[in-house]
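For reference, run.pdb (PDB, C-alpha atoms, pLDDT in the B column):
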```
MODEL        1
ATOM      1  CA  MET I  19       3.811  -0.323  -2.032  1.00 41.00           C
ATOM      2  CA  ARG I  20       2.018   3.578  -7.834  1.00 49.00           C
ATOM      3  CA  SER I  21      -0.151   6.498  -8.532  1.00 38.00           C
ATOM      4  CA  ILE I  22       1.089   9.992  -7.769  1.00 36.00           C
ATOM      5  CA  TRP I  23      -2.106  10.214  -5.745  1.00 36.00           C
ATOM      6  CA  LEU I  24      -0.968   7.170  -3.772  1.00 42.00           C
ATOM      7  CA  ILE I  25       2.623   8.289  -3.414  1.00 38.00           C
ATOM      8  CA  VAL I  26       2.740   7.969   0.347  1.00 43.00           C
ATOM      9  CA  ILE I  27       1.301   4.463   0.131  1.00 45.00           C
ATOM     10  CA  LEU I  28       3.773   3.410  -2.490  1.00 43.00           C
ATOM     11  CA  VAL I  29       6.790   5.360  -1.303  1.00 41.00           C
ATOM     12  CA  THR I  30       6.474   3.823   2.126  1.00 43.00           C
ATOM     13  CA  LEU I  31       5.680   0.378   0.743  1.00 44.00           C
ATOM     14  CA  SER I  32       8.383   0.533  -1.906  1.00 42.00           C
ATOM     15  CA  MET I  33      10.899   1.597   0.732  1.00 40.00           C
ATOM     16  CA  ALA I  34       9.881  -1.520   2.573  1.00 40.00           C
ATOM     17  CA  ILE I  35      10.556  -3.793  -0.377  1.00 40.00           C
ATOM     18  CA  THR I  36      13.489  -2.283  -2.281  1.00 40.00           C
ATOM     19  CA  CYS I  37      16.267  -1.672   0.228  1.00 38.00           C
ATOM     20  CA  ALA I  38      18.993  -4.002   1.486  1.00 37.00           C
ATOM     21  CA  PRO I  39      18.384  -7.771   1.963  1.00 39.00           C
ATOM     22  CA  ALA I  40      16.340  -8.732   5.012  1.00 41.00           C
ATOM     23  CA  ARG I  41      17.703 -10.685   7.931  1.00 41.00           C
ATOM     24  CA  ALA I  42      15.002 -12.285  10.065  1.00 37.00           C
ATOM     25  CA  GLU I  43      16.749 -12.689  13.385  1.00 41.00           C
ATOM     26  CA  THR I  44      14.078 -13.503  15.915  1.00 55.00           C
ATOM     27  CA  GLY I  45      11.273 -15.046  13.910  1.00 68.00           C
ATOM     28  CA  GLU I  46      10.167 -16.490  10.597  1.00 84.00           C
ATOM     29  CA  LEU I  47       7.010 -15.936   8.610  1.00 91.00           C
ATOM     30  CA  PRO I  48       4.888 -18.966   7.755  1.00 93.00           C
ATOM     31  CA  PRO I  49       4.597 -19.667   4.009  1.00 95.00           C
ATOM     32  CA  LEU I  50       1.801 -17.422   2.792  1.00 96.00           C
ATOM     33  CA  ALA I  51      -1.199 -18.932   1.056  1.00 97.00           C
ATOM     34  CA  PRO I  52      -1.280 -18.259  -2.721  1.00 96.00           C
ATOM     35  CA  LEU I  53      -2.923 -14.924  -3.519  1.00 97.00           C
ATOM     36  CA  LYS I  54      -4.458 -14.357  -6.947  1.00 96.00           C
ATOM     37  CA  SER I  55      -6.765 -11.420  -6.180  1.00 98.00           C
ATOM     38  CA  VAL I  56      -7.858  -9.350  -3.184  1.00 98.00           C
ATOM     39  CA  ARG I  57      -9.652  -6.222  -1.956  1.00 98.00           C
ATOM     40  CA  ASP I  58      -8.208  -3.748   0.493  1.00 98.00           C
ATOM     41  CA  ARG I  59      -9.256  -0.826   2.642  1.00 97.00           C
ATOM     42  CA  TYR I  60      -6.502   1.674   3.395  1.00 98.00           C
ATOM     43  CA  VAL I  61      -6.101   4.514   5.867  1.00 98.00           C
ATOM     44  CA  MET I  62      -3.192   6.849   6.412  1.00 97.00           C
ATOM     45  CA  SER I  63      -3.178   8.332   9.889  1.00 97.00           C
ATOM     46  CA  PHE I  64      -0.952  10.437  12.124  1.00 96.00           C
ATOM     47  CA  ASN I  65      -1.123   9.711  15.835  1.00 97.00           C
ATOM     48  CA  GLY I  66      -4.480   8.042  15.222  1.00 96.00           C
ATOM     49  CA  GLN I  67      -6.025  10.887  13.179  1.00 97.00           C
ATOM     50  CA  PRO I  68      -7.088   9.703   9.690  1.00 98.00           C
ATOM     51  CA  LEU I  69      -5.595  11.780   6.863  1.00 97.00           C
ATOM     52  CA  ARG I  70      -6.540   9.782   3.753  1.00 97.00           C
ATOM     53  CA  VAL I  71      -8.715   6.745   3.052  1.00 98.00           C
ATOM     54  CA  CYS I  72      -8.762   4.472  -0.004  1.00 98.00           C
ATOM     55  CA  GLN I  73     -10.304   1.294  -1.334  1.00 98.00           C
ATOM     56  CA  THR I  74      -8.730  -0.883  -4.021  1.00 98.00           C
ATOM     57  CA  VAL I  75      -9.555  -4.124  -5.795  1.00 98.00           C
ATOM     58  CA  TRP I  76      -6.741  -6.201  -7.271  1.00 98.00           C
ATOM     59  CA  GLU I  77      -7.357  -8.656 -10.091  1.00 98.00           C
ATOM     60  CA  THR I  78      -3.573  -9.049 -10.298  1.00 97.00           C
ATOM     61  CA  TRP I  79      -0.596  -6.840  -9.465  1.00 96.00           C
ATOM     62  CA  SER I  80      -0.902  -5.385 -12.998  1.00 96.00           C
ATOM     63  CA  ARG I  81      -4.664  -4.801 -12.847  1.00 97.00           C
ATOM     64  CA  SER I  82      -6.228  -2.793 -10.036  1.00 98.00           C
ATOM     65  CA  HIS I  83      -8.979  -0.228  -9.559  1.00 98.00           C
ATOM     66  CA  GLY I  84      -9.493   2.040  -6.595  1.00 98.00           C
ATOM     67  CA  ALA I  85     -10.373   5.427  -5.190  1.00 98.00           C
ATOM     68  CA  CYS I  86      -8.987   7.680  -2.466  1.00 97.00           C
ATOM     69  CA  HIS I  87     -10.386  10.563  -0.430  1.00 98.00           C
ATOM     70  CA  ASP I  88      -8.300  13.183   1.358  1.00 98.00           C
ATOM     71  CA  LEU I  89      -9.657  14.166   4.749  1.00 98.00           C
ATOM     72  CA  VAL I  90      -7.281  17.058   5.499  1.00 97.00           C
ATOM     73  CA  THR I  91      -5.174  19.634   3.704  1.00 96.00           C
ATOM     74  CA  LEU I  92      -1.537  18.920   4.368  1.00 93.00           C
ATOM     75  CA  GLU I  93       1.919  19.065   2.791  1.00 90.00           C
ATOM     76  CA  LEU I  94       3.979  15.891   3.065  1.00 86.00           C
ATOM     77  CA  PRO I  95       7.288  15.026   1.428  1.00 79.00           C
ATOM     78  CA  GLY I  96       6.448  14.259  -2.197  1.00 81.00           C
ATOM     79  CA  ASP I  97       2.703  14.527  -1.607  1.00 87.00           C
ATOM     80  CA  ARG I  98      -0.005  17.109  -1.004  1.00 92.00           C
ATOM     81  CA  LEU I  99      -3.346  16.275   0.573  1.00 96.00           C
ATOM     82  CA  VAL I 100      -6.365  18.493  -0.126  1.00 97.00           C
ATOM     83  CA  ALA I 101      -9.386  18.072   2.125  1.00 97.00           C
ATOM     84  CA  GLY I 102     -12.363  16.732   0.172  1.00 97.00           C
ATOM     85  CA  ARG I 103     -10.415  15.766  -2.940  1.00 97.00           C
ATOM     86  CA  GLN I 104     -11.277  12.399  -4.444  1.00 97.00           C
ATOM     87  CA  VAL I 105      -9.233  10.531  -7.021  1.00 97.00           C
ATOM     88  CA  GLU I 106     -10.107   7.355  -8.909  1.00 98.00           C
ATOM     89  CA  PHE I 107      -7.396   5.252 -10.522  1.00 97.00           C
ATOM     90  CA  VAL I 108      -7.002   2.164 -12.689  1.00 98.00           C
ATOM     91  CA  TYR I 109      -3.837   0.209 -13.435  1.00 98.00           C
ATOM     92  CA  TYR I 110      -4.208  -2.016 -16.448  1.00 98.00           C
ATOM     93  CA  ASP I 111      -1.410  -3.913 -18.182  1.00 97.00           C
ATOM     94  CA  GLY I 112       1.228  -1.209 -18.022  1.00 96.00           C
ATOM     95  CA  ILE I 113      -0.962   1.913 -18.160  1.00 97.00           C
ATOM     96  CA  ARG I 114      -2.086   4.075 -15.248  1.00 97.00           C
ATOM     97  CA  TYR I 115      -5.408   5.879 -15.639  1.00 98.00           C
ATOM     98  CA  GLU I 116      -6.466   8.591 -13.198  1.00 97.00           C
ATOM     99  CA  ARG I 117      -9.177  11.179 -12.742  1.00 97.00           C
ATOM    100  CA  ALA I 118     -10.035  13.561  -9.916  1.00 96.00           C
ATOM    101  CA  ASP I 119     -13.242  14.916  -8.412  1.00 96.00           C
ATOM    102  CA  ALA I 120     -15.763  15.726 -11.158  1.00 92.00           C
ATOM    103  CA  ASP I 121     -13.472  14.886 -14.071  1.00 94.00           C
ATOM    104  CA  THR I 122     -15.109  12.680 -16.693  1.00 94.00           C
ATOM    105  CA  THR I 123     -11.880  12.182 -18.641  1.00 97.00           C
ATOM    106  CA  TRP I 124      -9.083   9.908 -17.509  1.00 98.00           C
ATOM    107  CA  THR I 125      -5.407  10.767 -17.915  1.00 97.00           C
ATOM    108  CA  ALA I 126      -3.263   7.834 -19.075  1.00 97.00           C
ATOM    109  CA  ILE I 127       0.495   7.450 -18.554  1.00 96.00           C
ATOM    110  CA  PRO I 128       2.832   4.438 -18.509  1.00 96.00           C
ATOM    111  CA  ASP I 129       2.984   2.465 -15.269  1.00 95.00           C
ATOM    112  CA  ALA I 130       6.626   2.435 -14.197  1.00 91.00           C
ATOM    113  CA  ASP I 131       5.990  -0.526 -11.876  1.00 89.00           C
ATOM    114  CA  PHE I 132       4.425  -2.764 -14.522  1.00 94.00           C
ATOM    115  CA  ASP I 133       5.435  -6.387 -14.044  1.00 95.00           C
ATOM    116  CA  PRO I 134       2.965  -8.936 -15.445  1.00 94.00           C
ATOM    117  CA  ASP I 135       4.714 -11.819 -13.702  1.00 94.00           C
ATOM    118  CA  ARG I 136       4.842 -10.395 -10.195  1.00 95.00           C
ATOM    119  CA  ALA I 137       2.696 -12.194  -7.616  1.00 95.00           C
ATOM    120  CA  LEU I 138       0.517 -10.182  -5.252  1.00 96.00           C
ATOM    121  CA  ASN I 139       2.068 -11.745  -2.142  1.00 96.00           C
ATOM    122  CA  ASP I 140       5.491 -10.642  -3.350  1.00 95.00           C
ATOM    123  CA  ALA I 141       4.358  -7.152  -4.318  1.00 94.00           C
ATOM    124  CA  LEU I 142       2.341  -6.412  -1.187  1.00 96.00           C
ATOM    125  CA  PHE I 143       4.066  -8.302   1.611  1.00 95.00           C
ATOM    126  CA  HIS I 144       7.631  -9.292   0.722  1.00 91.00           C
ATOM    127  CA  VAL I 145      10.226  -7.370   2.755  1.00 89.00           C
ATOM    128  CA  THR I 146      13.843  -7.042   1.681  1.00 84.00           C
ATOM    129  CA  TYR I 147      15.212  -4.264   3.871  1.00 89.00           C
ATOM    130  CA  ALA I 148      17.540  -4.962   6.786  1.00 91.00           C
ATOM    131  CA  ALA I 149      15.354  -5.740   9.786  1.00 93.00           C
ATOM    132  CA  VAL I 150      14.672  -7.884  12.813  1.00 93.00           C
ATOM    133  CA  LEU I 151      11.550 -10.010  12.400  1.00 94.00           C
ATOM    134  CA  SER I 152       9.613 -10.807  15.571  1.00 94.00           C
ATOM    135  CA  ARG I 153       6.506 -12.814  16.304  1.00 93.00           C
ATOM    136  CA  ILE I 154       4.505 -10.399  18.452  1.00 93.00           C
ATOM    137  CA  GLY I 155       1.562 -12.628  19.352  1.00 93.00           C
ATOM    138  CA  THR I 156      -2.148 -12.997  18.730  1.00 95.00           C
ATOM    139  CA  ALA I 157      -4.333 -10.131  17.522  1.00 96.00           C
ATOM    140  CA  ASP I 158      -7.947  -9.698  16.432  1.00 96.00           C
ATOM    141  CA  VAL I 159      -8.565  -8.094  13.014  1.00 96.00           C
ATOM    142  CA  ASP I 160     -12.240  -7.433  12.292  1.00 93.00           C
ATOM    143  CA  GLY I 161     -13.194 -10.539  14.245  1.00 92.00           C
ATOM    144  CA  ALA I 162     -10.527 -12.756  12.690  1.00 93.00           C
ATOM    145  CA  ALA I 163      -7.894 -14.372  14.887  1.00 96.00           C
ATOM    146  CA  THR I 164      -4.404 -13.602  13.609  1.00 97.00           C
ATOM    147  CA  THR I 165      -0.767 -13.736  14.580  1.00 96.00           C
ATOM    148  CA  GLN I 166       1.093 -10.453  14.369  1.00 96.00           C
ATOM    149  CA  TYR I 167       4.621 -10.421  12.930  1.00 96.00           C
ATOM    150  CA  GLN I 168       6.752  -7.282  12.961  1.00 96.00           C
ATOM    151  CA  TYR I 169       9.770  -6.175  10.948  1.00 96.00           C
ATOM    152  CA  TRP I 170      11.805  -3.640  12.929  1.00 95.00           C
ATOM    153  CA  SER I 171      14.074  -1.833  10.475  1.00 95.00           C
ATOM    154  CA  TYR I 172      17.720  -1.160  11.128  1.00 91.00           C
ATOM    155  CA  ASP I 173      18.290   0.150   7.605  1.00 93.00           C
ATOM    156  CA  LYS I 174      19.650   3.651   8.287  1.00 93.00           C
ATOM    157  CA  LYS I 175      18.423   5.226   5.047  1.00 93.00           C
ATOM    158  CA  LEU I 176      14.916   3.824   5.422  1.00 93.00           C
ATOM    159  CA  ASN I 177      14.703   4.891   9.056  1.00 94.00           C
ATOM    160  CA  LYS I 178      15.813   8.430   8.207  1.00 93.00           C
ATOM    161  CA  GLN I 179      13.228   8.678   5.421  1.00 91.00           C
ATOM    162  CA  SER I 180      10.568   7.385   7.825  1.00 91.00           C
ATOM    163  CA  GLY I 181      11.235   9.930  10.574  1.00 93.00           C
ATOM    164  CA  GLY I 182      13.519   7.850  12.759  1.00 94.00           C
ATOM    165  CA  GLN I 183      12.216   4.283  12.898  1.00 95.00           C
ATOM    166  CA  ALA I 184      10.407   2.226  10.269  1.00 96.00           C
ATOM    167  CA  VAL I 185       8.188  -0.675  11.337  1.00 97.00           C
ATOM    168  CA  PHE I 186       6.215  -3.083   9.146  1.00 97.00           C
ATOM    169  CA  ASP I 187       3.572  -5.397  10.633  1.00 97.00           C
ATOM    170  CA  LEU I 188       1.756  -8.344   9.067  1.00 98.00           C
ATOM    171  CA  PHE I 189      -1.330  -9.963  10.603  1.00 98.00           C
ATOM    172  CA  ILE I 190      -1.691 -13.553   9.402  1.00 98.00           C
ATOM    173  CA  THR I 191      -4.582 -15.973   9.898  1.00 97.00           C
ATOM    174  CA  PRO I 192      -4.146 -19.669  10.843  1.00 97.00           C
ATOM    175  CA  ASP I 193      -4.590 -20.564   7.146  1.00 96.00           C
ATOM    176  CA  ASN I 194      -1.712 -18.201   6.285  1.00 97.00           C
ATOM    177  CA  ARG I 195      -3.632 -15.331   4.702  1.00 97.00           C
ATOM    178  CA  VAL I 196      -2.535 -11.735   5.379  1.00 98.00           C
ATOM    179  CA  VAL I 197      -5.624  -9.837   6.483  1.00 98.00           C
ATOM    180  CA  LYS I 198      -3.853  -6.666   7.600  1.00 98.00           C
ATOM    181  CA  SER I 199      -0.535  -4.942   7.055  1.00 98.00           C
ATOM    182  CA  GLN I 200       0.818  -1.723   8.511  1.00 97.00           C
ATOM    183  CA  PHE I 201       3.872   0.329   7.601  1.00 96.00           C
ATOM    184  CA  SER I 202       4.700   3.024  10.147  1.00 96.00           C
ATOM    185  CA  GLY I 203       7.248   5.770  10.441  1.00 95.00           C
ATOM    186  CA  ARG I 204       7.946   6.735  14.032  1.00 96.00           C
ATOM    187  CA  GLY I 205       9.812   9.853  15.088  1.00 95.00           C
ATOM    188  CA  THR I 206       9.836  13.352  13.627  1.00 94.00           C
ATOM    189  CA  ILE I 207       7.654  13.333  10.515  1.00 92.00           C
ATOM    190  CA  THR I 208       8.237  16.174   8.060  1.00 90.00           C
ATOM    191  CA  GLY I 209       5.145  18.361   7.862  1.00 89.00           C
ATOM    192  CA  LEU I 210       3.529  16.708  10.878  1.00 93.00           C
ATOM    193  CA  GLY I 211       5.900  16.744  13.830  1.00 94.00           C
ATOM    194  CA  GLU I 212       6.618  14.128  16.448  1.00 96.00           C
ATOM    195  CA  GLY I 213       4.617  10.919  16.367  1.00 96.00           C
ATOM    196  CA  GLU I 214       3.654   7.989  14.143  1.00 96.00           C
ATOM    197  CA  LEU I 215       2.605   8.154  10.505  1.00 96.00           C
ATOM    198  CA  ALA I 216       0.776   4.868   9.910  1.00 97.00           C
ATOM    199  CA  ASN I 217      -0.268   3.329   6.591  1.00 96.00           C
ATOM    200  CA  ILE I 218      -2.769   0.541   7.264  1.00 97.00           C
ATOM    201  CA  TRP I 219      -4.265  -1.935   4.804  1.00 98.00           C
ATOM    202  CA  VAL I 220      -7.052  -4.395   5.686  1.00 98.00           C
ATOM    203  CA  PHE I 221      -7.573  -7.184   3.144  1.00 98.00           C
ATOM    204  CA  ALA I 222     -10.672  -9.209   2.244  1.00 97.00           C
ATOM    205  CA  ASP I 223     -12.089 -11.459  -0.490  1.00 97.00           C
ATOM    206  CA  HIS I 224      -8.811 -13.285  -0.963  1.00 97.00           C
ATOM    207  CA  ASN I 225      -8.850 -15.057  -4.356  1.00 97.00           C
ATOM    208  CA  GLY I 226     -12.365 -13.809  -5.030  1.00 96.00           C
ATOM    209  CA  SER I 227     -13.839 -13.126  -8.441  1.00 97.00           C
ATOM    210  CA  ILE I 228     -12.441  -9.687  -9.314  1.00 97.00           C
ATOM    211  CA  VAL I 229     -12.333  -8.259 -12.833  1.00 98.00           C
ATOM    212  CA  VAL I 230     -10.696  -4.908 -13.621  1.00 98.00           C
ATOM    213  CA  THR I 231     -11.240  -3.195 -16.976  1.00 98.00           C
ATOM    214  CA  PRO I 232      -9.671  -0.047 -18.444  1.00 97.00           C
ATOM    215  CA  PRO I 233     -11.737   3.100 -19.005  1.00 97.00           C
ATOM    216  CA  PRO I 234     -13.499   3.468 -22.380  1.00 96.00           C
ATOM    217  CA  PRO I 235     -11.041   4.809 -24.992  1.00 96.00           C
ATOM    218  CA  ASP I 236     -13.225   7.836 -25.750  1.00 96.00           C
ATOM    219  CA  GLN I 237     -12.876   8.952 -22.127  1.00 97.00           C
ATOM    220  CA  VAL I 238      -9.067   8.823 -22.064  1.00 97.00           C
ATOM    221  CA  ARG I 239      -6.448  11.472 -22.851  1.00 96.00           C
ATOM    222  CA  GLN I 240      -2.704  10.853 -22.908  1.00 93.00           C
ATOM    223  CA  GLY I 241      -0.661  12.424 -20.154  1.00 84.00           C
ATOM    224  CA  GLU I 242       2.937  13.562 -20.186  1.00 71.00           C
TER     225      GLU I 242
ENDMDL
END
```

Would you mind writing the file's structure down as C-alpha cells?
Amino acid sequence: MRSIWLIVILVTLSMAITCAPARAETGELPPLAPLKSVRDRYVMSFNGQPLRVCQTVWETWSRSHGACHDLVTLELPGDRLVAGRQVEFVYYDGIRYERADADTTWTAIPDADFDPDRALNDALFHVTYAAVLSRIGTADVDGAATTQYQYWSYDKKLNKQSGGQAVFDLFITPDNRVVKSQFSGRGTITGLGEGELANIWVFADHNGSIVVTPPPPDQVRQGE
C-alpha cells in the first residue's frame, strides 16, 4: 500500500500485505508479468462518492512521484481530508519529499518503507493475509478485457480495521498484467457510517520509460 497524505492508501494496502499468510482456497493467480515501472490513477470513494483522487508514476518501488487532491472535508481514522487541498510527493531512494498547496519548499523525512530490492509486483499486488481467493470472471477495464480475481479476507484483525469485511480485487489481462486493483472495507466505516470504502487503482504504461528525480536541494527543508 507511504506518505502521511496517502495514509488511507497505504494503511489499507499495507494491511493487505502484512498480516497472516494467505491461503488461496478456491483459485490461483496466474504468474504476473514482470513489472519494472508503471503509472496509476487512484480514487478513494465511499458508496460510490469520490473522496480523494491521486496520480502516481513509479520508476521503481523506491522512486515515485505523484499528487493527490481532496474532494471533501472528512475525518477518517489516522487521516483528515480537507476539500480542495492538494499535496505533491516524491519518494527517492529512502527519502520522502512532500509539499502542499502553494508551498514552494519540500519537506524531507526518511522513508520508513524504503526497500531498494523490492519488486513493484510484490509491493503493489502480493497478498499475505488469510483469505479465500476466487476467480470471479471476465471484466472490462477501460476497454481492456480482464479476469477479475478476489481475495475475501477471513483475518479477524484486518476485517475489524476495515469495518467488518476486507476485500481485495485484481483485474488481470490475458498477458498477465494487472490493470486495476481495488481494496475495499465493507461494513461500518468510522467517520462515514454503513457502506463500502473503496480504494481503486487503475494502472497504465507498464514498463514504460519513467524517470523520477528528487526536488532541487535548495527547495528542500528537513522535517522531524

Which is closest to Ser152 of chain I among I:Pro128, I:Leu138, I:Val185, I:Ala118, if we use only C-alpha atoms?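 Between I:Pro128, I:Leu138, I:Val185, I:Ala118, the residue approaching Ser152 of chain I most closely is I:Val185.
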
Expected selection from the PyMOL selection byres ((chain I and resi 204-212) around 7), given as a list of chain:residue names: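 Written out, the selection comes to I:Glu93, I:Leu94, I:Pro95, I:Ser180, I:Gly181, I:Gly182, I:Gln183, I:Ala184, I:Ser202, I:Gly203, I:Gly213, I:Glu214, I:Leu215.
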
Could you jot down the atom CA of Phe189 of chain I to atom CA of Thr164 of chain I separation for me, Å, one decimal place? 5.6 Å

Target residues per the PyMOL selection byres ((chain I and resi 103) around 9), formatted as a ChimeraX atom specification: /I:86-89,99-102,104-105,118-119

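Comparing I:Arg81, I:Leu142, I:Arg57, I:Ala51 by their smallest distance to Tyr115 of chain I, the closest is I:Arg81 (using all atoms listed in the file).
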
Residues returned when the PyMOL selection byres ((chain I and resi 107-113) around 6) runs on this file, as a count of residues only: 13

The distance between atom CA of Asp121 of chain I and atom CA of Val75 of chain I is 21.1 Å

Spatial neighbours of Asn194 of chain I, 12 Å, only C-alpha atoms, chain gap at least 5 places, as a list in words: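 Listing them by chain and then by number gives Leu47, Pro48, Pro49, Leu50, Ala51, Pro52, Leu53, Asn139, Ala163, Thr164, Thr165, Gln166, Leu188, Phe189 and His224 of chain I.
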
Could you please give me, as a ChimeraX atom specification, the residues of protein, DNA or RNA lying at most 10 Å from (-1.5, 6.9, -25.1) in the coordinate frame of the file, considering all atoms listed in the file? /I:113,125-128,235,238-242

Atom CA of Glu46 of chain I and atom CA of Leu151 of chain I are how many Å apart?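 Calculated distance between atom CA of Glu46 of chain I and atom CA of Leu151 of chain I is 6.9 Å.
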
Pick the closest to Asp223 of chain I from I:Gln67, I:Thr146, I:Asp135, I:Val197: which is it, counting only C-alpha atoms?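 Using only C-alpha atoms, Asp223 of chain I sits closest to I:Val197.
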
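Counting all atoms listed in the file and comparing I:Asp58, I:Asp236, I:Asp140, I:Asp97, the residue that lies closest to Val220 of chain I is I:Asp58.
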
Of the candidates I:Phe201, I:Met62, I:Val230, I:Val90, which shows the shortest atom-to-atom distance to Asn177 of chain I, using only C-alpha atoms?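 Between I:Phe201, I:Met62, I:Val230, I:Val90, the residue approaching Asn177 of chain I most closely is I:Phe201.
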
Any chance you could work out the axis-aligned box around segment 139-143 of chain I, listed atoms only, 6 Å on each side, giving centre and edge lengths in Å to one decimal, as JSON?
```
{"center_x": 3.8, "center_y": -9.1, "center_z": -1.4, "size_x": 15.4, "size_y": 17.3, "size_z": 17.9}
```
